[in-house]
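The file model.tsv contains TSV, C-alpha atoms:
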chain	number	residue	atom	x	y	z
A	145	MET	CA	-13.33	-105.23	-27.01
A	146	LEU	CA	-10.49	-103.65	-28.90
A	147	GLU	CA	-11.06	-100.20	-27.41
A	148	ASN	CA	-10.90	-101.40	-23.83
A	149	SER	CA	-7.75	-103.42	-24.32
A	150	LEU	CA	-6.10	-100.49	-26.13
A	151	PHE	CA	-7.09	-98.21	-23.27
A	152	ALA	CA	-5.67	-100.63	-20.71
A	153	ALA	CA	-2.37	-100.93	-22.56
A	154	LEU	CA	-2.03	-97.16	-23.01
A	155	ALA	CA	-2.98	-96.49	-19.39
A	156	ALA	CA	-0.38	-98.98	-18.15
A	157	PHE	CA	2.23	-97.36	-20.41
A	158	MET	CA	1.29	-93.88	-19.21
A	159	LEU	CA	1.18	-94.61	-15.49
A	160	GLY	CA	4.38	-96.68	-15.69
A	161	GLY	CA	6.17	-93.82	-17.42
A	162	ALA	CA	4.85	-91.23	-14.97
A	163	ILE	CA	5.82	-93.27	-11.90
A	164	ALA	CA	9.24	-94.04	-13.37
A	165	MET	CA	9.65	-90.31	-14.00
A	166	ILE	CA	9.12	-89.28	-10.39
A	167	TRP	CA	10.92	-92.32	-8.95
A	168	LEU	CA	14.21	-92.71	-10.83
A	169	LYS	CA	17.27	-90.81	-9.68
A	170	GLN	CA	18.96	-90.32	-13.06
A	171	THR	CA	17.26	-87.43	-14.87
A	172	LEU	CA	17.75	-89.00	-18.31
A	173	TYR	CA	15.72	-92.07	-17.32
A	174	GLY	CA	13.09	-89.77	-15.85
A	175	ALA	CA	12.87	-87.94	-19.17
A	176	PHE	CA	12.37	-91.27	-20.97
A	177	GLY	CA	9.53	-92.05	-18.56
A	178	PHE	CA	8.01	-88.67	-19.44
A	179	LEU	CA	8.39	-89.55	-23.13
A	180	CYS	CA	6.41	-92.78	-22.51
A	181	ALA	CA	3.66	-90.81	-20.76
A	182	MET	CA	3.43	-88.25	-23.60
A	183	LEU	CA	3.29	-90.98	-26.28
A	184	ALA	CA	0.52	-92.73	-24.35
A	185	LEU	CA	-1.34	-89.42	-24.03
A	186	ALA	CA	-1.19	-89.03	-27.81
A	187	GLY	CA	-2.70	-92.52	-28.06
A	188	MET	CA	-5.45	-91.44	-25.64
A	189	PHE	CA	-6.27	-88.48	-27.91
A	190	ALA	CA	-6.56	-90.89	-30.83
A	191	LEU	CA	-8.83	-93.14	-28.73
A	192	LEU	CA	-11.02	-90.09	-28.07
A	193	GLU	CA	-11.36	-89.57	-31.85
A	194	ASN	CA	-9.42	-86.29	-31.78
A	195	SER	CA	-7.09	-86.92	-34.68
A	196	PHE	CA	-5.77	-83.34	-34.85
A	197	LEU	CA	-4.91	-83.40	-31.16
A	198	PHE	CA	-3.07	-86.68	-31.71
A	199	LEU	CA	-1.00	-85.00	-34.43
A	200	ALA	CA	-0.34	-81.88	-32.36
A	201	GLN	CA	0.64	-83.91	-29.31
A	202	MET	CA	3.02	-86.02	-31.38
A	203	LEU	CA	4.58	-83.01	-33.10
A	204	VAL	CA	4.83	-80.54	-30.23
A	205	ALA	CA	4.81	-82.43	-26.93
A	206	VAL	CA	6.74	-85.48	-28.07
A	207	GLY	CA	8.71	-84.08	-30.98
A	208	ALA	CA	9.65	-80.70	-29.56
A	209	VAL	CA	9.25	-80.50	-25.77
A	210	VAL	CA	10.68	-83.91	-24.88
A	211	VAL	CA	13.49	-83.63	-27.40
A	212	ILE	CA	14.54	-80.19	-26.16
A	213	GLY	CA	14.37	-81.53	-22.60
A	214	LEU	CA	16.64	-84.45	-23.53
A	215	MET	CA	19.02	-82.04	-25.28
A	216	VAL	CA	19.23	-79.85	-22.18
A	217	ILE	CA	19.81	-82.88	-19.94
A	218	VAL	CA	22.61	-84.10	-22.20
A	219	SER	CA	24.19	-80.64	-22.51
A	220	VAL	CA	24.02	-79.98	-18.76
A	221	ASN	CA	25.58	-83.45	-18.28
A	222	ALA	CA	25.20	-83.50	-14.50
A	223	ARG	CA	27.22	-86.17	-12.74
A	224	VAL	CA	25.62	-88.22	-9.98
A	225	SER	CA	27.54	-86.16	-7.43
A	226	ASN	CA	25.81	-83.01	-8.72
A	227	LEU	CA	22.35	-84.53	-8.38
A	228	PRO	CA	20.53	-83.88	-5.10
A	229	HIS	CA	21.05	-86.46	-2.39
A	230	GLU	CA	17.60	-87.66	-1.36
A	231	PRO	CA	17.82	-90.37	1.28
A	232	ASN	CA	14.20	-89.99	2.44
A	233	LYS	CA	12.70	-89.98	-1.06
A	234	LEU	CA	10.36	-92.93	-0.45
A	235	ARG	CA	9.08	-91.47	2.81
A	236	TRP	CA	8.39	-88.06	1.26
A	237	MET	CA	6.69	-89.61	-1.74
A	238	LEU	CA	4.46	-91.82	0.42
A	239	LEU	CA	3.55	-88.81	2.56
A	240	GLY	CA	2.80	-86.77	-0.56
A	241	ALA	CA	0.70	-89.60	-2.01
A	242	ALA	CA	-1.28	-89.93	1.24
A	243	LEU	CA	-1.92	-86.18	1.23
A	244	THR	CA	-2.93	-85.97	-2.45
A	245	LEU	CA	-5.11	-89.10	-2.48
A	246	PRO	CA	-8.23	-87.39	-1.05
A	247	PHE	CA	-7.78	-84.56	-3.55
A	248	GLY	CA	-7.54	-87.04	-6.43
A	249	LEU	CA	-10.66	-88.85	-5.25
A	250	LEU	CA	-12.51	-85.54	-5.00
A	251	LEU	CA	-11.40	-84.64	-8.53
A	252	TYR	CA	-12.54	-88.00	-9.88
A	253	ARG	CA	-15.92	-87.89	-8.14
A	254	ALA	CA	-16.51	-84.32	-9.34
A	255	LEU	CA	-15.63	-85.24	-12.92
A	256	ILE	CA	-17.79	-88.37	-13.18
A	257	HIS	CA	-20.64	-86.49	-11.56
A	258	LEU	CA	-20.87	-84.29	-14.66
A	259	HIS	CA	-21.16	-86.76	-17.52
A	260	ARG	CA	-21.39	-90.52	-17.69
A	261	ALA	CA	-21.66	-91.28	-21.40
A	262	PHE	CA	-20.15	-90.23	-24.70
A	263	ALA	CA	-22.35	-88.29	-27.07
A	264	PRO	CA	-22.65	-89.63	-30.61
A	265	THR	CA	-20.17	-87.72	-32.73
A	266	ALA	CA	-20.83	-86.17	-36.09
A	267	SER	CA	-18.65	-87.25	-39.00
A	268	GLY	CA	-15.44	-85.25	-39.19
A	269	PHE	CA	-15.34	-84.68	-35.43
A	270	GLY	CA	-11.84	-83.82	-34.25
A	271	SER	CA	-10.47	-83.49	-37.77
A	272	VAL	CA	-8.06	-80.72	-38.77
A	273	LYS	CA	-10.88	-78.92	-40.57
A	274	ALA	CA	-13.33	-78.92	-37.66
A	275	VAL	CA	-10.75	-77.94	-35.03
A	276	GLY	CA	-9.23	-75.29	-37.30
A	277	GLN	CA	-12.63	-73.74	-37.90
A	278	ALA	CA	-13.34	-73.63	-34.17
A	279	LEU	CA	-9.87	-72.23	-33.51
A	280	PHE	CA	-10.09	-69.38	-35.99
A	281	ARG	CA	-13.78	-68.58	-35.58
A	282	ASP	CA	-14.46	-68.79	-31.83
A	283	TRP	CA	-10.96	-68.85	-30.38
A	284	ALA	CA	-9.19	-66.29	-32.58
A	285	LEU	CA	-8.31	-63.87	-29.77
A	286	PRO	CA	-6.81	-66.54	-27.44
A	287	PHE	CA	-4.89	-67.86	-30.43
A	288	GLU	CA	-3.32	-64.45	-31.03
A	289	ILE	CA	-2.55	-64.04	-27.31
A	290	VAL	CA	-0.81	-67.43	-27.35
A	291	SER	CA	1.32	-66.35	-30.29
A	292	VAL	CA	2.44	-63.26	-28.34
A	293	LEU	CA	3.12	-65.52	-25.34
A	294	LEU	CA	5.32	-67.78	-27.47
A	295	LEU	CA	7.28	-64.77	-28.73
A	296	ALA	CA	7.76	-63.50	-25.16
A	297	ALA	CA	8.85	-66.98	-24.01
A	298	MET	CA	11.38	-67.19	-26.84
A	299	LEU	CA	12.90	-63.80	-25.94
A	300	GLY	CA	12.86	-64.67	-22.23
A	301	ALA	CA	14.59	-67.99	-22.83
A	302	ILE	CA	17.34	-66.30	-24.86
A	303	VAL	CA	17.86	-63.61	-22.20
A	304	ILE	CA	17.87	-66.07	-19.29
A	305	ALA	CA	20.20	-68.64	-20.83
A	306	ARG	CA	22.65	-66.10	-22.30
A	307	LYS	CA	26.15	-66.18	-20.86
A	308	GLU	CA	26.92	-63.04	-18.90
A	309	PRO	CA	29.84	-61.25	-20.53
A	310	ASN	CA	32.20	-60.39	-17.64
A	311	ASN	CA	31.56	-62.50	-14.52
A	312	ASP	CA	31.63	-66.04	-15.88
A	313	ALA	CA	33.20	-68.66	-13.69
B	1235	MET	CA	-16.56	-97.06	-23.72
B	1236	THR	CA	-17.57	-94.68	-20.96
B	1237	PRO	CA	-15.68	-91.53	-19.90
B	1238	GLU	CA	-15.05	-92.76	-16.34
B	1239	PRO	CA	-11.71	-94.52	-17.02
B	1240	PHE	CA	-10.41	-91.42	-18.79
B	1241	PHE	CA	-11.35	-89.25	-15.82
B	1242	ALA	CA	-9.78	-91.73	-13.41
B	1243	LEU	CA	-6.59	-91.78	-15.44
B	1244	ALA	CA	-6.44	-87.98	-15.60
B	1245	SER	CA	-6.96	-87.65	-11.82
B	1246	LEU	CA	-4.25	-90.23	-11.20
B	1247	LEU	CA	-1.86	-88.50	-13.60
B	1248	PHE	CA	-2.45	-85.13	-11.92
B	1249	CYS	CA	-1.81	-86.65	-8.48
B	1250	ILE	CA	1.42	-88.31	-9.66
B	1251	GLY	CA	2.59	-84.96	-10.99
B	1252	LEU	CA	1.69	-83.23	-7.72
B	1253	VAL	CA	3.54	-85.86	-5.66
B	1254	GLY	CA	6.60	-85.56	-7.88
B	1255	MET	CA	6.54	-81.79	-7.61
B	1256	VAL	CA	6.37	-81.64	-3.81
B	1257	SER	CA	8.55	-84.62	-2.89
B	1258	ARG	CA	11.51	-84.46	-5.28
B	1259	ARG	CA	14.39	-81.98	-5.18
B	1260	ASN	CA	15.81	-82.52	-8.67
B	1261	LEU	CA	14.95	-79.44	-10.75
B	1262	PHE	CA	14.33	-81.52	-13.88
B	1263	VAL	CA	11.86	-83.76	-12.09
B	1264	VAL	CA	10.03	-80.70	-10.75
B	1265	TYR	CA	9.79	-79.35	-14.31
B	1266	LEU	CA	8.61	-82.66	-15.78
B	1267	SER	CA	6.03	-83.01	-13.00
B	1268	SER	CA	4.52	-79.63	-13.84
B	1269	GLU	CA	4.29	-80.72	-17.50
B	1270	LEU	CA	2.60	-83.93	-16.37
B	1271	MET	CA	-0.05	-81.98	-14.46
B	1272	LEU	CA	-0.73	-79.79	-17.51
B	1273	SER	CA	-1.04	-82.92	-19.63
B	1274	ALA	CA	-3.58	-84.37	-17.20
B	1275	VAL	CA	-5.66	-81.21	-17.68
B	1276	ASN	CA	-5.31	-81.71	-21.44
B	1277	LEU	CA	-6.68	-85.23	-21.11
B	1278	VAL	CA	-9.70	-83.98	-19.16
B	1279	LEU	CA	-10.38	-81.30	-21.80
B	1280	ALA	CA	-10.11	-83.80	-24.66
B	1281	THR	CA	-12.45	-86.19	-22.83
B	1282	PHE	CA	-15.01	-83.43	-22.33
B	1283	SER	CA	-14.71	-82.48	-25.98
B	1284	ARG	CA	-15.58	-86.08	-26.87
B	1285	VAL	CA	-18.32	-86.31	-24.21
B	1286	LEU	CA	-20.11	-83.19	-25.38
B	1287	GLY	CA	-19.36	-83.72	-29.06
B	1288	ALA	CA	-18.06	-80.14	-29.22
B	1289	THR	CA	-14.80	-79.06	-30.85
B	1290	ASP	CA	-14.12	-76.21	-28.40
B	1291	GLY	CA	-12.34	-78.54	-25.98
B	1292	ALA	CA	-9.94	-79.59	-28.73
B	1293	ALA	CA	-9.23	-75.91	-29.52
B	1294	ILE	CA	-8.40	-75.23	-25.85
B	1295	VAL	CA	-6.11	-78.28	-25.79
B	1296	LEU	CA	-4.24	-76.91	-28.80
B	1297	LEU	CA	-3.71	-73.58	-27.03
B	1298	MET	CA	-2.58	-75.48	-23.91
B	1299	ILE	CA	-0.03	-77.41	-25.96
B	1300	ALA	CA	1.39	-74.07	-27.13
B	1301	VAL	CA	1.55	-72.89	-23.50
B	1302	ILE	CA	3.38	-76.13	-22.59
B	1303	ALA	CA	5.94	-75.41	-25.31
B	1304	ALA	CA	6.45	-71.86	-24.00
B	1305	GLU	CA	6.85	-73.17	-20.45
B	1306	ALA	CA	9.41	-75.72	-21.65
B	1307	ALA	CA	11.51	-73.02	-23.32
B	1308	VAL	CA	11.58	-70.71	-20.28
B	1309	PHE	CA	11.97	-73.45	-17.65
B	1310	LEU	CA	14.80	-75.22	-19.48
B	1311	ALA	CA	16.62	-71.92	-20.00
B	1312	ALA	CA	16.22	-71.21	-16.28
B	1313	ILE	CA	17.60	-74.66	-15.42
B	1314	ILE	CA	20.67	-74.03	-17.61
B	1315	HIS	CA	21.17	-70.63	-15.96
B	1316	LEU	CA	20.85	-72.05	-12.42
B	1317	TYR	CA	23.14	-74.99	-13.16
B	1318	ARG	CA	25.78	-72.71	-14.61
B	1319	GLY	CA	25.88	-70.66	-11.42
B	1320	ARG	CA	25.93	-73.37	-8.74
B	1321	ARG	CA	26.87	-76.63	-10.51
B	1322	THR	CA	23.99	-78.49	-8.91
B	1323	LEU	CA	20.44	-79.51	-9.75
B	1324	ASP	CA	19.33	-79.53	-6.10
B	1325	SER	CA	16.42	-77.15	-5.59
B	1326	ASP	CA	17.49	-76.66	-1.95
B	1327	ALA	CA	20.67	-74.93	-3.15
B	1328	PHE	CA	18.69	-72.03	-4.60
B	1329	ALA	CA	17.42	-70.41	-1.42
B	1330	ALA	CA	18.39	-66.79	-2.10
B	1331	LEU	CA	14.85	-65.61	-1.36
B	1332	ALA	CA	14.39	-67.83	1.69
B	1333	GLN	CA	14.40	-66.43	5.21
B	1334	THR	CA	17.30	-67.89	7.16
B	1335	LYS	CA	17.32	-68.44	10.90
B	1336	GLU	CA	19.74	-65.59	11.66
B	1337	GLU	CA	17.61	-63.00	9.88
B	1338	ARG	CA	14.43	-64.05	11.62
If you convert what's in this file into structure tokens, what do you get?
Amino acid sequence: MLENSLFAALAAFMLGGAIAMIWLKQTLYGAFGFLCAMLALAGMFALLENSFLFLAQMLVAVGAVVVIGLMVIVSVNARVSNLPHEPNKLRWMLLGAALTLPFGLLLYRALIHLHRAFAPTASGFGSVKAVGQALFRDWALPFEIVSVLLLAAMLGAIVIARKEPNNDA
Amino acid sequence: MTPEPFFALASLLFCIGLVGMVSRRNLFVVYLSSELMLSAVNLVLATFSRVLGATDGAAIVLLMIAVIAAEAAVFLAAIIHLYRGRRTLDSDAFAALAQTKEER
């Protein structure tokens, strides 16, 4: 079964990247773990026959978000002495895992309770044409709201990150 | 293939993000954990889009990806601003709104 082995490989890649991200002390290595998880998520979209989502994930989440995160990490250039000192990291993470495990199980049980099989898909499912038609026919108003949100986020990012003119250290 | 492994993976991914968000103090890891939780939601939406054979889930995932990009811009700008002021990435250092013992 090619699909199952692909899924297993992508899932291992994704979970390994995610765990490396929350475990490693150096932020740059954590960002590389996040990159692994995002690449594997793009593969998952392809496995779910959503080719447009695969493209969008590759272009935006991998190509833009991770790259700008890496650029900020490199430009901040925090030394190890400026990173937080976390001696009880393992204890806190185990406690957090023990507390979130029941919630995760509940989430999983609720999700599999809804549907247990894939529907047969029509030809052209998940293509740019089908998703674009849905986006501009049924989801036109949310699309416009998101464009305003992106504009506001751009202005906010410029205002927040701007150097203040007189009281710089 | 059945949708169960996708749902299991999404639940696990969300939990990893939640654990990272509550147990780490590095601001970057907190930011990346929130992105990870949003991505887990994306995976659930894409799986439902495939399960139901409907394209609406894919449209919502596209809007979510745009929201993730907006969040990245604002959060990274905020990290740069905070680091410039205190020269640390420790989230415990930014407690200006916290109630200290003397005030209580």
Contact residues (chain B, partner chain A, 6 Å, only C-alpha atoms) as a count of residues only: 19
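The shortest atom-to-atom distance to Asn1260 (chain B), with only C-alpha atoms taken into account, belongs to B:Ala1327 out of B:Ile1302, B:Met1235, B:Ala1327, B:Ala1332.
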Give the centre and edge lengths of an axis-aligned box, in Å to one decimal, that holds all listed atoms of region 1299-1313 of chain B with 8 Å on each side, as JSON.
{"center_x": 8.8, "center_y": -74.1, "center_z": -21.3, "size_x": 33.6, "size_y": 22.7, "size_z": 27.7}
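Here CA of Tyr1265 (chain B) stands at a distance of 18.8 Å from CA of Leu1277 (chain B).
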Name the closest residue to Leu1316 (chain B) among the candidates B:Met1271, B:Leu1252, B:Leu1261, B:Ala1303; distances are taken between atoms, counting all atoms listed in the file. B:Leu1261
Could you state the separation of CA of Leu1297 (chain B) and CA of Arg1259 (chain B) in Å, given to one decimal place? 29.6 Å
Check the smallest atom-to-atom distance from each of B:Val1264, B:Ile1314, B:Leu1272, B:Ala1288 to Val1301 (chain B) using all atoms listed in the file, then report the winner. B:Leu1272
Would you list the contacts of Gly1251 (chain B) as a tab-separated table (two decimals) with C-alpha atoms, in the frame of the given file, taking every protein, DNA or RNA residue within 7 Å and counting all atoms listed in the file, but skipping same-chain residues closer than 4 positions in sequence?
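Wrote selection-v8.tsv, looks like this:
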chain	number	residue	atom	x	y	z
B	1247	LEU	CA	-1.86	-88.50	-13.60
B	1255	MET	CA	6.54	-81.79	-7.61
B	1267	SER	CA	6.03	-83.01	-13.00
B	1268	SER	CA	4.52	-79.63	-13.84
B	1270	LEU	CA	2.60	-83.93	-16.37
B	1271	MET	CA	-0.05	-81.98	-14.46
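Going from CA of Val206 (chain A) over to CA of Leu1243 (chain B), you cover 19.4 Å.
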Within 8 Å of Phe1240 (chain B), counting all atoms listed in the file, which residues show up once you throw out same-chain ones fewer than 4 positions away? Write them as an mmCIF file with C-alpha atoms, keeping the file's coordinate frame, please.
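Here's the written file around_4.cif:
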data_model
loop_
_atom_site.group_PDB
_atom_site.id
_atom_site.type_symbol
_atom_site.label_atom_id
_atom_site.label_comp_id
_atom_site.auth_asym_id
_atom_site.auth_seq_id
_atom_site.Cartn_x
_atom_site.Cartn_y
_atom_site.Cartn_z
ATOM 1 C CA ALA B 1244 -6.440 -87.980 -15.600
ATOM 2 C CA LEU B 1277 -6.680 -85.230 -21.110
ATOM 3 C CA VAL B 1278 -9.700 -83.980 -19.160
ATOM 4 C CA THR B 1281 -12.450 -86.190 -22.830
#
Distance criterion (only C-alpha atoms): nearest to Val272 (chain A) out of A:Val292, A:Val211, A:Leu199, A:Val218: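 Using only C-alpha atoms, the shortest distance to Val272 (chain A) belongs to A:Leu199.
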